[in-house]
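Structure file work38.pdb with PDB, C-alpha atoms:
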MODEL        1
ATOM      1  CA  VAL A1109       2.164   4.564   5.002
ATOM      2  CA  TYR A1110      -1.432   3.482   5.455
ATOM      3  CA  GLU A1111      -2.340   1.582   8.598
ATOM      4  CA  ILE A1112      -5.250  -0.803   8.134
ATOM      5  CA  GLU A1113      -6.988  -2.677  10.908
ATOM      6  CA  LEU A1114      -9.585  -5.379  10.298
ATOM      7  CA  ALA A1115     -11.796  -7.354  12.639
ATOM      8  CA  PRO A1116     -10.370 -10.682  13.843
ATOM      9  CA  GLY A1117     -10.435 -13.259  11.066
ATOM     10  CA  GLY A1118      -9.657 -10.755   8.306
ATOM     11  CA  GLU A1119      -5.994 -11.692   7.913
ATOM     12  CA  GLY A1120      -6.635 -13.287   4.514
ATOM     13  CA  TYR A1121      -7.741  -9.955   3.080
ATOM     14  CA  LEU A1122      -4.550  -8.302   4.315
ATOM     15  CA  GLU A1123      -2.324 -11.036   2.906
ATOM     16  CA  GLY A1124      -3.979 -10.503  -0.476
ATOM     17  CA  LEU A1125      -2.777  -6.902  -0.541
ATOM     18  CA  GLY A1126       0.755  -8.150  -1.167
ATOM     19  CA  ARG A1127      -0.312  -9.345  -4.628
ATOM     20  CA  LEU A1128      -1.327  -5.860  -5.770
ATOM     21  CA  ALA A1129       1.147  -4.296  -8.209
ATOM     22  CA  CYS A1130       0.932  -0.862  -6.601
ATOM     23  CA  VAL A1131       1.843  -2.067  -3.074
ATOM     24  CA  ARG A1132       5.517  -1.232  -2.442
ATOM     25  CA  GLU A1133       5.802  -2.688   1.078
ATOM     26  CA  LEU A1134       3.461  -4.675   3.302
ATOM     27  CA  ALA A1135       4.034  -5.444   6.987
ATOM     28  CA  LEU A1136       1.470  -7.715   8.641
ATOM     29  CA  ARG A1137       0.786  -7.965  12.375
ATOM     30  CA  GLY A1138      -2.260 -10.143  12.896
ATOM     31  CA  CYS A1139      -5.332  -8.154  11.876
ATOM     32  CA  ARG A1140      -3.258  -5.026  11.238
ATOM     33  CA  ALA A1141      -1.162  -4.033   8.265
ATOM     34  CA  GLU A1142       1.138  -1.204   7.297
ATOM     35  CA  VAL A1143       0.953  -0.612   3.557
ATOM     36  CA  SER A1144       3.282   1.573   1.494
ATOM     37  CA  LEU A1145       1.941   2.409  -1.953
ATOM     38  CA  GLU A1146       3.698   3.448  -5.156
ATOM     39  CA  ARG A1147       1.411   6.493  -5.306
ATOM     40  CA  TRP A1148      -1.636   7.628  -3.348
ATOM     41  CA  GLU A1149      -3.998   6.926  -6.263
ATOM     42  CA  CYS A1150      -3.448   3.201  -5.608
ATOM     43  CA  LEU A1151      -5.569   3.475  -2.476
ATOM     44  CA  SER A1152      -8.666   2.727  -4.581
ATOM     45  CA  GLU A1153      -7.148  -0.662  -5.555
ATOM     46  CA  VAL A1154      -6.471  -1.425  -1.891
ATOM     47  CA  LEU A1155     -10.047  -0.565  -0.955
ATOM     48  CA  ALA A1156     -11.365  -2.761  -3.774
ATOM     49  CA  ALA A1157      -9.232  -5.662  -2.488
ATOM     50  CA  LEU A1158     -10.735  -5.184   0.985
ATOM     51  CA  ASN A1159     -14.301  -5.343  -0.353
ATOM     52  CA  GLY A1160     -16.246  -7.610   1.998
ATOM     53  CA  ALA A1161     -13.782  -7.296   4.894
ATOM     54  CA  ASP A1162     -14.864  -5.925   8.268
ATOM     55  CA  VAL A1163     -12.614  -2.844   8.223
ATOM     56  CA  ARG A1164     -12.170  -1.253  11.642
ATOM     57  CA  ARG A1165      -9.781   1.558  10.733
ATOM     58  CA  ILE A1166      -7.726   2.992   7.891
ATOM     59  CA  SER A1167      -5.376   5.840   8.697
ATOM     60  CA  LEU A1168      -2.460   7.626   7.103
ATOM     61  CA  ARG A1169       0.800   7.804   9.034
ATOM     62  CA  GLU A1170       3.511  10.124   7.794
ATOM     63  CA  ARG A1171       6.907   8.478   7.587
ATOM     64  CA  SER A1172       9.569   9.677  10.012
ATOM     65  CA  LEU A1173      12.786  11.264   8.754
ATOM     66  CA  GLU A1174      14.665   8.141   9.801
ATOM     67  CA  GLU A1175      12.345   5.900   7.767
ATOM     68  CA  VAL A1176      12.843   8.111   4.707
ATOM     69  CA  PHE A1177      16.627   8.060   5.239
ATOM     70  CA  ILE A1178      16.677   4.255   5.457
ATOM     71  CA  THR A1179      14.561   3.990   2.305
ATOM     72  CA  LEU A1180      16.926   6.269   0.384
ATOM     73  CA  THR A1181      20.249   4.923   1.681
ATOM     74  CA  GLY A1182      19.495   1.400   2.862
ATOM     75  CA  LYS A1183      21.212   2.188   6.170
ATOM     76  CA  GLY A1184      20.134   3.380   9.579
ATOM     77  CA  VAL A1185      21.303   6.755  10.851
ATOM     78  CA  ARG A1186      23.767   5.210  13.307
ATOM     79  CA  GLU A1187      25.179   2.430  11.097
TER      80      GLU A1187
ENDMDL
END
Whole structure, structure tokens version:
Amino acid sequence: VYEIELAPGGEGYLEGLGRLACVRELALRGCRAEVSLERWECLSEVLAALNGADVRRISLRERSLEEVFITLTGKGVRE
């Protein structure tokens, strides 16, 4: 999961990421987004889509075991 933070006013760039074919999941929170990609090579498409945006931070966050479990089963651990 890539975490992307833009300067205030950059929400439009983040919303546009949802139209990319290689973006599996996109969660928006104001000027921040969590982006799951089909494969890591898609990061270049994401960066191209952010061309012109005032990017503050891009970081990689490893998914927790619970997140992987939910992705694979569709259920939480305690459901």
Could you expand the PyMOL selection byres ((chain A and resi 1127-1143) around 7) into the explicit residues it covers here, written as a VMD selection string? chain A and resid 1109 to 1116 1118 to 1119 1122 1124 to 1126 1144 to 1146 1150
Closest of A:Arg1171, A:Phe1177, A:Tyr1121, A:Gly1182 to Asn1159 (chain A) - atom-to-atom distances counting only C-alpha atoms: A:Tyr1121
Have a look at CA of Leu1168 (chain A) and CA of Leu1180 (chain A) and let me know their distance in Å, one decimal. 20.6 Å
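Across the model, the gap from CA of Val1154 (chain A) to CA of Ile1178 (chain A) is 24.9 Å.
For the pair CA of Asp1162 (chain A) and CA of Glu1123 (chain A), the separation is 14.6 Å.
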First collect every listed atom of region 1144-1148 of chain A; then fit an axis-aligned box around them, widen it by 4 Å on each side, and give centre and edge lengths in Å to one decimal, as lines of an AutoDock Vina configuration file.
center_x = 1.0
center_y = 4.6
center_z = -1.9
size_x = 13.3
size_y = 14.1
size_z = 14.8
